[in-house]
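The next block is run.txt, given as compact mmCIF, C-alpha atoms.
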```txt
# COMPACT_ATOMS: atom_id res chain seq x y z
CA ARG A 1 -147.50 -84.59 -130.93
CA ALA A 2 -147.45 -81.12 -129.41
CA ALA A 3 -143.69 -81.08 -128.79
CA ALA A 4 -142.95 -81.55 -132.49
CA ARG A 5 -145.43 -78.95 -133.73
CA ARG A 6 -143.83 -76.24 -135.83
CA TYR A 7 -143.68 -72.71 -134.43
CA ASP A 8 -145.84 -70.40 -136.51
CA GLY A 9 -145.14 -67.00 -134.94
CA GLY A 10 -147.59 -64.73 -133.22
CA ASP A 11 -147.64 -64.13 -129.49
CA GLU A 12 -147.07 -67.79 -128.65
CA PRO A 13 -143.66 -68.24 -126.97
CA ARG A 14 -141.02 -69.66 -129.29
CA PRO A 15 -140.08 -73.25 -128.30
CA SER A 16 -136.42 -73.96 -127.58
CA LEU A 17 -134.54 -76.81 -129.24
CA MET A 18 -134.79 -79.02 -126.16
CA GLU A 19 -138.51 -78.38 -125.86
CA GLN A 20 -139.00 -79.43 -129.48
CA LEU A 21 -137.08 -82.66 -128.96
CA LEU A 22 -138.57 -83.77 -125.64
CA PRO A 23 -142.27 -84.46 -124.91
CA ALA A 24 -143.86 -82.04 -122.48
CA PRO A 25 -144.87 -83.47 -119.08
CA PRO A 26 -147.95 -82.15 -117.23
CA PHE A 27 -147.38 -78.50 -116.35
CA ASP A 28 -146.42 -77.60 -112.77
CA SER A 29 -146.09 -73.89 -112.01
CA ASN A 30 -143.92 -74.61 -108.98
CA GLY A 31 -141.65 -77.15 -110.67
CA SER A 32 -139.43 -77.65 -113.66
CA ARG A 33 -140.10 -79.33 -116.96
CA PHE A 34 -137.08 -81.56 -116.31
CA ASP A 35 -136.22 -83.97 -113.50
CA MET A 36 -134.33 -81.84 -110.97
CA THR A 37 -133.35 -84.88 -108.89
CA CYS A 38 -130.66 -85.93 -111.40
CA TYR A 39 -127.74 -84.10 -113.01
CA SER A 40 -129.00 -84.43 -116.58
CA GLY A 41 -132.36 -82.91 -115.64
CA ARG A 42 -130.74 -79.97 -113.87
CA ALA A 43 -128.38 -79.45 -116.81
CA LEU A 44 -131.28 -79.38 -119.29
CA HIS A 45 -133.22 -76.99 -117.04
CA PHE A 46 -130.43 -74.42 -116.87
CA LEU A 47 -129.54 -74.94 -120.52
CA THR A 48 -133.06 -73.99 -121.63
CA VAL A 49 -133.38 -71.04 -119.21
CA LEU A 50 -129.84 -69.63 -119.17
CA GLY A 51 -128.21 -71.09 -122.27
CA ASP A 52 -130.94 -70.51 -124.84
CA LEU A 53 -129.77 -67.55 -126.93
CA SER A 54 -133.20 -67.24 -128.56
CA THR A 55 -134.46 -65.57 -125.37
CA LEU A 56 -132.23 -62.59 -126.20
CA PHE A 57 -134.49 -61.82 -129.15
CA ALA A 58 -137.78 -62.19 -127.29
CA SER A 59 -139.85 -59.03 -127.65
CA ARG A 60 -141.79 -57.29 -124.90
CA ALA A 61 -145.00 -58.47 -126.55
CA GLU A 62 -143.87 -62.11 -126.37
CA CYS A 63 -142.86 -61.76 -122.71
CA ASP A 64 -146.14 -60.03 -121.84
CA ALA A 65 -148.09 -62.78 -123.61
CA ALA A 66 -146.15 -65.46 -121.71
CA CYS A 67 -146.81 -63.80 -118.35
CA ALA A 68 -150.49 -63.34 -119.20
CA LEU A 69 -150.82 -67.02 -120.13
CA LEU A 70 -149.27 -68.09 -116.82
CA ARG A 71 -151.54 -65.72 -114.87
CA GLN A 72 -154.60 -67.15 -116.62
CA HIS A 73 -153.49 -70.66 -115.74
CA ALA A 74 -152.87 -69.68 -112.09
CA ASP A 75 -156.34 -68.12 -111.91
CA GLY A 76 -157.89 -71.29 -113.28
CA GLU A 77 -158.99 -69.72 -116.54
CA GLY A 78 -159.23 -72.16 -119.39
CA ALA A 79 -158.57 -75.13 -117.12
CA GLU A 80 -160.82 -77.36 -119.25
CA GLY A 81 -159.52 -77.60 -122.79
CA GLY A 82 -157.13 -74.76 -122.06
CA SER A 83 -153.55 -74.20 -123.09
CA PRO A 84 -151.51 -77.34 -123.77
CA ASP A 85 -148.70 -78.19 -121.38
CA ARG A 86 -146.10 -77.37 -124.01
CA ARG A 87 -147.28 -73.77 -124.31
CA LEU A 88 -147.29 -73.35 -120.55
CA TRP A 89 -143.75 -74.70 -120.20
CA GLU A 90 -142.59 -72.41 -123.01
CA ALA A 91 -144.22 -69.43 -121.33
CA GLN A 92 -142.57 -70.26 -118.01
CA ARG A 93 -139.17 -70.66 -119.68
CA LEU A 94 -139.50 -67.29 -121.39
CA ARG A 95 -140.65 -65.57 -118.22
CA ASP A 96 -137.85 -67.05 -116.13
CA ALA A 97 -135.23 -65.99 -118.69
CA CYS A 98 -136.46 -62.47 -119.44
CA VAL A 99 -138.53 -61.15 -116.52
CA HIS A 100 -137.29 -60.22 -113.04
CA PRO A 101 -138.93 -62.72 -110.65
CA ALA A 102 -139.72 -60.18 -107.90
CA SER A 103 -140.34 -56.85 -109.63
CA GLY A 104 -141.86 -58.24 -112.83
CA GLU A 105 -139.73 -55.86 -114.89
CA LEU A 106 -138.41 -56.93 -118.28
CA VAL A 107 -134.64 -57.42 -118.05
CA PRO A 108 -132.85 -55.73 -121.00
CA ALA A 109 -131.53 -58.33 -123.43
CA PRO A 110 -127.77 -57.58 -122.98
CA PHE A 111 -128.10 -58.10 -119.21
CA ARG A 112 -130.07 -61.35 -119.19
CA PHE A 113 -128.18 -64.38 -117.92
CA SER A 114 -128.45 -65.98 -121.36
CA ALA A 115 -126.25 -63.13 -122.66
CA PHE A 116 -123.68 -63.40 -119.87
CA ALA A 117 -121.52 -66.15 -121.41
CA PRO A 118 -121.41 -64.72 -124.99
CA ALA A 119 -120.67 -61.24 -123.67
CA ASN A 120 -117.88 -62.52 -121.46
CA LEU A 121 -116.28 -64.30 -124.40
CA VAL A 122 -115.81 -60.89 -126.00
CA ILE A 123 -114.71 -59.27 -122.74
CA CYS A 124 -112.20 -62.04 -121.94
CA ALA A 125 -110.75 -61.81 -125.44
CA GLY A 126 -110.35 -58.06 -124.96
CA LEU A 127 -108.68 -58.52 -121.57
CA LEU A 128 -106.22 -61.09 -122.97
CA TRP A 129 -105.37 -58.86 -125.91
CA ALA A 130 -104.97 -55.81 -123.69
CA SER A 131 -102.54 -57.64 -121.38
CA THR A 132 -100.01 -57.71 -124.23
CA SER A 133 -100.91 -54.28 -125.55
CA SER A 134 -100.94 -50.83 -123.96
CA LEU A 135 -101.86 -49.74 -120.46
CA ARG A 136 -104.67 -47.69 -121.92
CA ALA A 137 -106.18 -50.80 -123.53
CA SER A 138 -105.95 -52.69 -120.21
CA ALA A 139 -107.69 -49.87 -118.36
CA PHE A 140 -110.44 -49.73 -120.98
CA TRP A 141 -111.22 -53.45 -120.92
CA GLN A 142 -111.13 -53.60 -117.13
CA TRP A 143 -113.65 -50.77 -117.09
CA VAL A 144 -115.84 -52.60 -119.64
CA ASN A 145 -115.68 -55.78 -117.55
CA GLN A 146 -116.64 -54.11 -114.28
CA SER A 147 -119.35 -51.99 -115.91
CA TYR A 148 -120.97 -55.02 -117.51
CA ASN A 149 -120.85 -57.02 -114.26
CA VAL A 150 -122.45 -54.16 -112.35
CA ALA A 151 -125.19 -53.80 -114.97
CA VAL A 152 -125.97 -57.56 -114.92
CA ASN A 153 -126.02 -57.67 -111.11
CA HIS A 154 -128.22 -54.56 -110.90
CA CYS A 155 -130.77 -55.79 -113.45
CA ASN A 156 -131.00 -59.19 -111.72
CA ARG A 157 -130.72 -57.88 -108.15
CA SER A 158 -132.75 -59.00 -105.20
CA THR A 159 -135.50 -56.50 -104.40
CA GLU A 160 -135.64 -57.44 -100.71
CA ARG A 161 -132.87 -54.97 -99.89
CA GLN A 162 -133.08 -51.65 -101.68
CA LEU A 163 -129.81 -49.80 -102.32
CA ASP A 164 -129.77 -46.10 -103.04
CA GLY A 165 -127.96 -44.65 -106.04
CA ARG A 166 -125.09 -43.35 -103.94
CA ALA A 167 -124.26 -46.80 -102.53
CA ILE A 168 -124.36 -48.35 -106.00
CA ALA A 169 -122.13 -45.59 -107.41
CA LEU A 170 -119.60 -46.01 -104.59
CA ALA A 171 -119.49 -49.79 -105.07
CA TYR A 172 -119.08 -49.38 -108.83
CA CYS A 173 -116.28 -46.81 -108.50
CA GLY A 174 -114.50 -48.93 -105.87
CA ALA A 175 -114.67 -52.12 -107.95
CA THR A 176 -113.57 -50.35 -111.13
CA ALA A 177 -110.70 -48.50 -109.44
CA SER A 178 -109.46 -51.69 -107.79
CA ALA A 179 -109.59 -53.73 -111.00
CA VAL A 180 -107.89 -51.07 -113.10
CA SER A 181 -105.14 -50.34 -110.54
CA ILE A 182 -104.35 -54.05 -109.97
CA ALA A 183 -104.29 -54.82 -113.70
CA LEU A 184 -102.06 -51.85 -114.54
CA GLY A 185 -99.77 -52.54 -111.58
CA LEU A 186 -99.28 -56.17 -112.59
CA GLN A 187 -98.75 -55.20 -116.22
CA LEU A 188 -96.05 -52.67 -115.25
CA LEU A 189 -94.43 -55.20 -112.93
CA GLY A 190 -94.38 -57.79 -115.68
CA ARG A 191 -92.70 -55.40 -118.09
CA ARG A 192 -90.01 -54.53 -115.55
CA LEU A 193 -89.35 -58.15 -114.72
CA GLY A 194 -89.16 -58.94 -118.41
CA ARG A 195 -86.55 -56.23 -118.99
CA ALA A 196 -84.58 -57.40 -115.94
CA GLY A 197 -84.61 -60.97 -117.26
CA ARG A 198 -83.23 -59.86 -120.62
CA LEU A 199 -80.41 -57.93 -118.90
CA VAL A 200 -79.40 -61.01 -116.89
```
As structure tokens, please, write out the structure in this file.
Amino acid sequence: RAAARRYDGGDEPRPSLMEQLLPAPPFDSNGSRFDMTCYSGRALHFLTVLGDLSTLFASRAECDAACALLRQHADGEGAEGGSPDRRLWEAQRLRDACVHPASGELVPAPFRFSAFAPANLVICAGLLWASTSSLRASAFWQWVNQSYNVAVNHCNRSTERQLDGRAIALAYCGATASAVSIALGLQLLGRRLGRAGRLV
């Protein structure tokens, strides 16, 4: 069974856990490996594309090989006795997770959607710690949070509307200044209210 075959390295895309457990249906370049008409199918689809941390370690060579395999299939090369469905689904998963769909550029690993949840665990922990620490710590973690969000949004942006560098810089400065000022203002207000409560 192809779905249970052990990964042996090389340029072949690395199968995810779900893809090793489930048999591969016939490949459809315009569809999903899972049934998108039910909740479980949609959950498995996004889990393999967005929740698979192994895509963070995919090299440029692996991504290029996956894209080349999908192009060959689209051009009809190797249609008879060509690549098995499992390899095509793996290639599509890797491309969707690591390559920008419009520009074809490789998204840097820290800014892929599969890295968003782990990175935000660290950022949220820093924000919670900073709220009981110094104002300087709060300002730093708010800056980290806004900078990371801007980087993720920029790397996964829509290419239909091009923004110049000045507009991006203004939006970044505005978002960062707002977040830092609100966080510091609320932290100062909380300290004053706390002192007033102790006096009463």
Checklist line | Nearest to Leu170 of chain A, chosen from A:Val150, A:Leu88, A:Val122, A:Cys38, with all atoms listed in the file counted in the distances | finding: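 Checking each candidate against Leu170 of chain A, we get A:Val150 as the closest.
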Margin query: Just want the 7 Å neighbourhood of segment 137-146 of chain A, counted on all atoms listed in the file, with same-chain residues fewer than 3 positions away dropped. Output as a list in words.
Written below: Ile123, Gly126, Leu127, Ala130, Ser131, Ser133, Ser134, Asn149, Val150, Ala175, Thr176, Ala179, Val180 and Leu184 of chain A
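We find atom CA of Gly51 of chain A and atom CA of Ala109 of chain A to be spaced 13.2 Å apart.
Here atom CA of Phe113 of chain A is placed at a distance of 7.8 Å from atom CA of Val152 of chain A.
Counting from atom CA of Asp75 of chain A, the distance to atom CA of Ser103 of chain A is 19.7 Å.
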Using all atoms listed in the file, list the residues that have an atom at most 12 Å from (-133.5, -56.2, -105.6), coordinates as in the file, as a JSON list (two decimals) with C-alpha atoms, in the coordinates of the input.
```json
[["chain", "number", "residue", "atom", "x", "y", "z"],
["A", 100, "HIS", "CA", -137.29, -60.22, -113.04],
["A", 101, "PRO", "CA", -138.93, -62.72, -110.65],
["A", 102, "ALA", "CA", -139.72, -60.18, -107.90],
["A", 103, "SER", "CA", -140.34, -56.85, -109.63],
["A", 104, "GLY", "CA", -141.86, -58.24, -112.83],
["A", 105, "GLU", "CA", -139.73, -55.86, -114.89],
["A", 153, "ASN", "CA", -126.02, -57.67, -111.11],
["A", 154, "HIS", "CA", -128.22, -54.56, -110.90],
["A", 155, "CYS", "CA", -130.77, -55.79, -113.45],
["A", 156, "ASN", "CA", -131.00, -59.19, -111.72],
["A", 157, "ARG", "CA", -130.72, -57.88, -108.15],
["A", 158, "SER", "CA", -132.75, -59.00, -105.20],
["A", 159, "THR", "CA", -135.50, -56.50, -104.40],
["A", 160, "GLU", "CA", -135.64, -57.44, -100.71],
["A", 161, "ARG", "CA", -132.87, -54.97, -99.89],
["A", 162, "GLN", "CA", -133.08, -51.65, -101.68],
["A", 163, "LEU", "CA", -129.81, -49.80, -102.32],
["A", 164, "ASP", "CA", -129.77, -46.10, -103.04]]
```
Expected file content for segment 99-129 of chain A, N, CA, C and O atoms, as a PDB file, in the first residue's frame:
```
ATOM      1  N   VAL A  99       4.800  27.618  -0.462  1.00  0.00           N
ATOM      2  CA  VAL A  99       4.996  28.459  -1.640  1.00  0.00           C
ATOM      3  C   VAL A  99       3.821  29.418  -1.776  1.00  0.00           C
ATOM      4  O   VAL A  99       2.663  29.023  -1.606  1.00  0.00           O
ATOM      5  N   HIS A 100       4.123  30.684  -2.068  1.00  0.00           N
ATOM      6  CA  HIS A 100       3.062  31.676  -2.264  1.00  0.00           C
ATOM      7  C   HIS A 100       2.249  31.290  -3.500  1.00  0.00           C
ATOM      8  O   HIS A 100       2.811  31.043  -4.568  1.00  0.00           O
ATOM      9  N   PRO A 101       0.917  31.230  -3.388  1.00  0.00           N
ATOM     10  CA  PRO A 101       0.113  30.706  -4.502  1.00  0.00           C
ATOM     11  C   PRO A 101       0.129  31.568  -5.751  1.00  0.00           C
ATOM     12  O   PRO A 101      -0.056  31.054  -6.854  1.00  0.00           O
ATOM     13  N   ALA A 102       0.341  32.882  -5.607  1.00  0.00           N
ATOM     14  CA  ALA A 102       0.301  33.769  -6.774  1.00  0.00           C
ATOM     15  C   ALA A 102       1.688  34.056  -7.337  1.00  0.00           C
ATOM     16  O   ALA A 102       1.918  33.952  -8.534  1.00  0.00           O
ATOM     17  N   SER A 103       2.628  34.413  -6.465  1.00  0.00           N
ATOM     18  CA  SER A 103       3.960  34.793  -6.936  1.00  0.00           C
ATOM     19  C   SER A 103       4.870  33.595  -7.167  1.00  0.00           C
ATOM     20  O   SER A 103       5.844  33.685  -7.912  1.00  0.00           O
ATOM     21  N   GLY A 104       4.582  32.465  -6.508  1.00  0.00           N
ATOM     22  CA  GLY A 104       5.451  31.306  -6.628  1.00  0.00           C
ATOM     23  C   GLY A 104       6.708  31.401  -5.799  1.00  0.00           C
ATOM     24  O   GLY A 104       7.580  30.525  -5.879  1.00  0.00           O
ATOM     25  N   GLU A 105       6.807  32.427  -4.949  1.00  0.00           N
ATOM     26  CA  GLU A 105       7.985  32.590  -4.100  1.00  0.00           C
ATOM     27  C   GLU A 105       7.906  31.662  -2.896  1.00  0.00           C
ATOM     28  O   GLU A 105       6.821  31.383  -2.383  1.00  0.00           O
ATOM     29  N   LEU A 106       9.067  31.213  -2.438  1.00  0.00           N
ATOM     30  CA  LEU A 106       9.126  30.378  -1.245  1.00  0.00           C
ATOM     31  C   LEU A 106       8.958  31.258  -0.015  1.00  0.00           C
ATOM     32  O   LEU A 106       9.699  32.220   0.188  1.00  0.00           O
ATOM     33  N   VAL A 107       7.952  30.944   0.807  1.00  0.00           N
ATOM     34  CA  VAL A 107       7.706  31.716   2.025  1.00  0.00           C
ATOM     35  C   VAL A 107       8.728  31.294   3.077  1.00  0.00           C
ATOM     36  O   VAL A 107       8.889  30.089   3.326  1.00  0.00           O
ATOM     37  N   PRO A 108       9.448  32.240   3.699  1.00  0.00           N
ATOM     38  CA  PRO A 108      10.408  31.860   4.744  1.00  0.00           C
ATOM     39  C   PRO A 108       9.734  31.064   5.849  1.00  0.00           C
ATOM     40  O   PRO A 108       8.585  31.343   6.227  1.00  0.00           O
ATOM     41  N   ALA A 109      10.426  30.082   6.387  1.00  0.00           N
ATOM     42  CA  ALA A 109       9.837  29.154   7.352  1.00  0.00           C
ATOM     43  C   ALA A 109       9.185  29.841   8.552  1.00  0.00           C
ATOM     44  O   ALA A 109       8.075  29.458   8.945  1.00  0.00           O
ATOM     45  N   PRO A 110       9.793  30.873   9.170  1.00  0.00           N
ATOM     46  CA  PRO A 110       9.146  31.475  10.349  1.00  0.00           C
ATOM     47  C   PRO A 110       7.828  32.165  10.030  1.00  0.00           C
ATOM     48  O   PRO A 110       7.037  32.416  10.947  1.00  0.00           O
ATOM     49  N   PHE A 111       7.576  32.476   8.757  1.00  0.00           N
ATOM     50  CA  PHE A 111       6.376  33.232   8.393  1.00  0.00           C
ATOM     51  C   PHE A 111       5.352  32.386   7.638  1.00  0.00           C
ATOM     52  O   PHE A 111       4.394  32.924   7.099  1.00  0.00           O
ATOM     53  N   ARG A 112       5.554  31.081   7.603  1.00  0.00           N
ATOM     54  CA  ARG A 112       4.541  30.185   7.047  1.00  0.00           C
ATOM     55  C   ARG A 112       3.421  30.032   8.070  1.00  0.00           C
ATOM     56  O   ARG A 112       3.629  30.148   9.274  1.00  0.00           O
ATOM     57  N   PHE A 113       2.220  29.736   7.586  1.00  0.00           N
ATOM     58  CA  PHE A 113       1.081  29.620   8.494  1.00  0.00           C
ATOM     59  C   PHE A 113       1.248  28.468   9.470  1.00  0.00           C
ATOM     60  O   PHE A 113       0.679  28.487  10.564  1.00  0.00           O
ATOM     61  N   SER A 114       2.032  27.458   9.109  1.00  0.00           N
ATOM     62  CA  SER A 114       2.269  26.353  10.039  1.00  0.00           C
ATOM     63  C   SER A 114       3.115  26.787  11.229  1.00  0.00           C
ATOM     64  O   SER A 114       3.124  26.104  12.258  1.00  0.00           O
ATOM     65  N   ALA A 115       3.819  27.925  11.111  1.00  0.00           N
ATOM     66  CA  ALA A 115       4.617  28.447  12.229  1.00  0.00           C
ATOM     67  C   ALA A 115       3.851  29.461  13.054  1.00  0.00           C
ATOM     68  O   ALA A 115       4.319  29.867  14.123  1.00  0.00           O
ATOM     69  N   PHE A 116       2.671  29.876  12.583  1.00  0.00           N
ATOM     70  CA  PHE A 116       1.957  30.973  13.238  1.00  0.00           C
ATOM     71  C   PHE A 116       1.529  30.610  14.662  1.00  0.00           C
ATOM     72  O   PHE A 116       1.728  31.391  15.602  1.00  0.00           O
ATOM     73  N   ALA A 117       0.947  29.426  14.843  1.00  0.00           N
ATOM     74  CA  ALA A 117       0.486  29.034  16.177  1.00  0.00           C
ATOM     75  C   ALA A 117       1.644  28.831  17.154  1.00  0.00           C
ATOM     76  O   ALA A 117       1.607  29.377  18.271  1.00  0.00           O
ATOM     77  N   PRO A 118       2.709  28.079  16.802  1.00  0.00           N
ATOM     78  CA  PRO A 118       3.829  27.944  17.750  1.00  0.00           C
ATOM     79  C   PRO A 118       4.484  29.280  18.091  1.00  0.00           C
ATOM     80  O   PRO A 118       4.838  29.527  19.249  1.00  0.00           O
ATOM     81  N   ALA A 119       4.637  30.141  17.092  1.00  0.00           N
ATOM     82  CA  ALA A 119       5.257  31.436  17.362  1.00  0.00           C
ATOM     83  C   ALA A 119       4.394  32.279  18.286  1.00  0.00           C
ATOM     84  O   ALA A 119       4.907  32.972  19.177  1.00  0.00           O
ATOM     85  N   ASN A 120       3.088  32.212  18.109  1.00  0.00           N
ATOM     86  CA  ASN A 120       2.208  33.011  18.956  1.00  0.00           C
ATOM     87  C   ASN A 120       2.107  32.461  20.371  1.00  0.00           C
ATOM     88  O   ASN A 120       1.748  33.215  21.286  1.00  0.00           O
ATOM     89  N   LEU A 121       2.390  31.192  20.575  1.00  0.00           N
ATOM     90  CA  LEU A 121       2.479  30.685  21.936  1.00  0.00           C
ATOM     91  C   LEU A 121       3.592  31.396  22.700  1.00  0.00           C
ATOM     92  O   LEU A 121       3.421  31.788  23.858  1.00  0.00           O
ATOM     93  N   VAL A 122       4.733  31.576  22.043  1.00  0.00           N
ATOM     94  CA  VAL A 122       5.854  32.281  22.665  1.00  0.00           C
ATOM     95  C   VAL A 122       5.510  33.750  22.866  1.00  0.00           C
ATOM     96  O   VAL A 122       5.760  34.336  23.938  1.00  0.00           O
ATOM     97  N   ILE A 123       4.914  34.371  21.842  1.00  0.00           N
ATOM     98  CA  ILE A 123       4.583  35.793  21.932  1.00  0.00           C
ATOM     99  C   ILE A 123       3.538  36.041  23.021  1.00  0.00           C
ATOM    100  O   ILE A 123       3.665  36.994  23.821  1.00  0.00           O
ATOM    101  N   CYS A 124       2.509  35.202  23.086  1.00  0.00           N
ATOM    102  CA  CYS A 124       1.468  35.380  24.112  1.00  0.00           C
ATOM    103  C   CYS A 124       2.039  35.191  25.512  1.00  0.00           C
ATOM    104  O   CYS A 124       1.658  35.918  26.451  1.00  0.00           O
ATOM    105  N   ALA A 125       2.936  34.234  25.668  1.00  0.00           N
ATOM    106  CA  ALA A 125       3.584  34.049  26.968  1.00  0.00           C
ATOM    107  C   ALA A 125       4.391  35.286  27.346  1.00  0.00           C
ATOM    108  O   ALA A 125       4.365  35.736  28.508  1.00  0.00           O
ATOM    109  N   GLY A 126       5.088  35.868  26.368  1.00  0.00           N
ATOM    110  CA  GLY A 126       5.841  37.090  26.636  1.00  0.00           C
ATOM    111  C   GLY A 126       4.942  38.259  26.990  1.00  0.00           C
ATOM    112  O   GLY A 126       5.245  39.051  27.891  1.00  0.00           O
ATOM    113  N   LEU A 127       3.800  38.383  26.305  1.00  0.00           N
ATOM    114  CA  LEU A 127       2.867  39.470  26.597  1.00  0.00           C
ATOM    115  C   LEU A 127       2.263  39.324  27.992  1.00  0.00           C
ATOM    116  O   LEU A 127       2.105  40.321  28.722  1.00  0.00           O
ATOM    117  N   LEU A 128       1.919  38.093  28.379  1.00  0.00           N
ATOM    118  CA  LEU A 128       1.361  37.871  29.718  1.00  0.00           C
ATOM    119  C   LEU A 128       2.392  38.162  30.803  1.00  0.00           C
ATOM    120  O   LEU A 128       2.071  38.767  31.832  1.00  0.00           O
ATOM    121  N   TRP A 129       3.616  37.721  30.572  1.00  0.00           N
ATOM    122  CA  TRP A 129       4.668  38.009  31.553  1.00  0.00           C
ATOM    123  C   TRP A 129       4.940  39.497  31.646  1.00  0.00           C
ATOM    124  O   TRP A 129       5.105  40.038  32.744  1.00  0.00           O
TER     125      TRP A 129
END
```
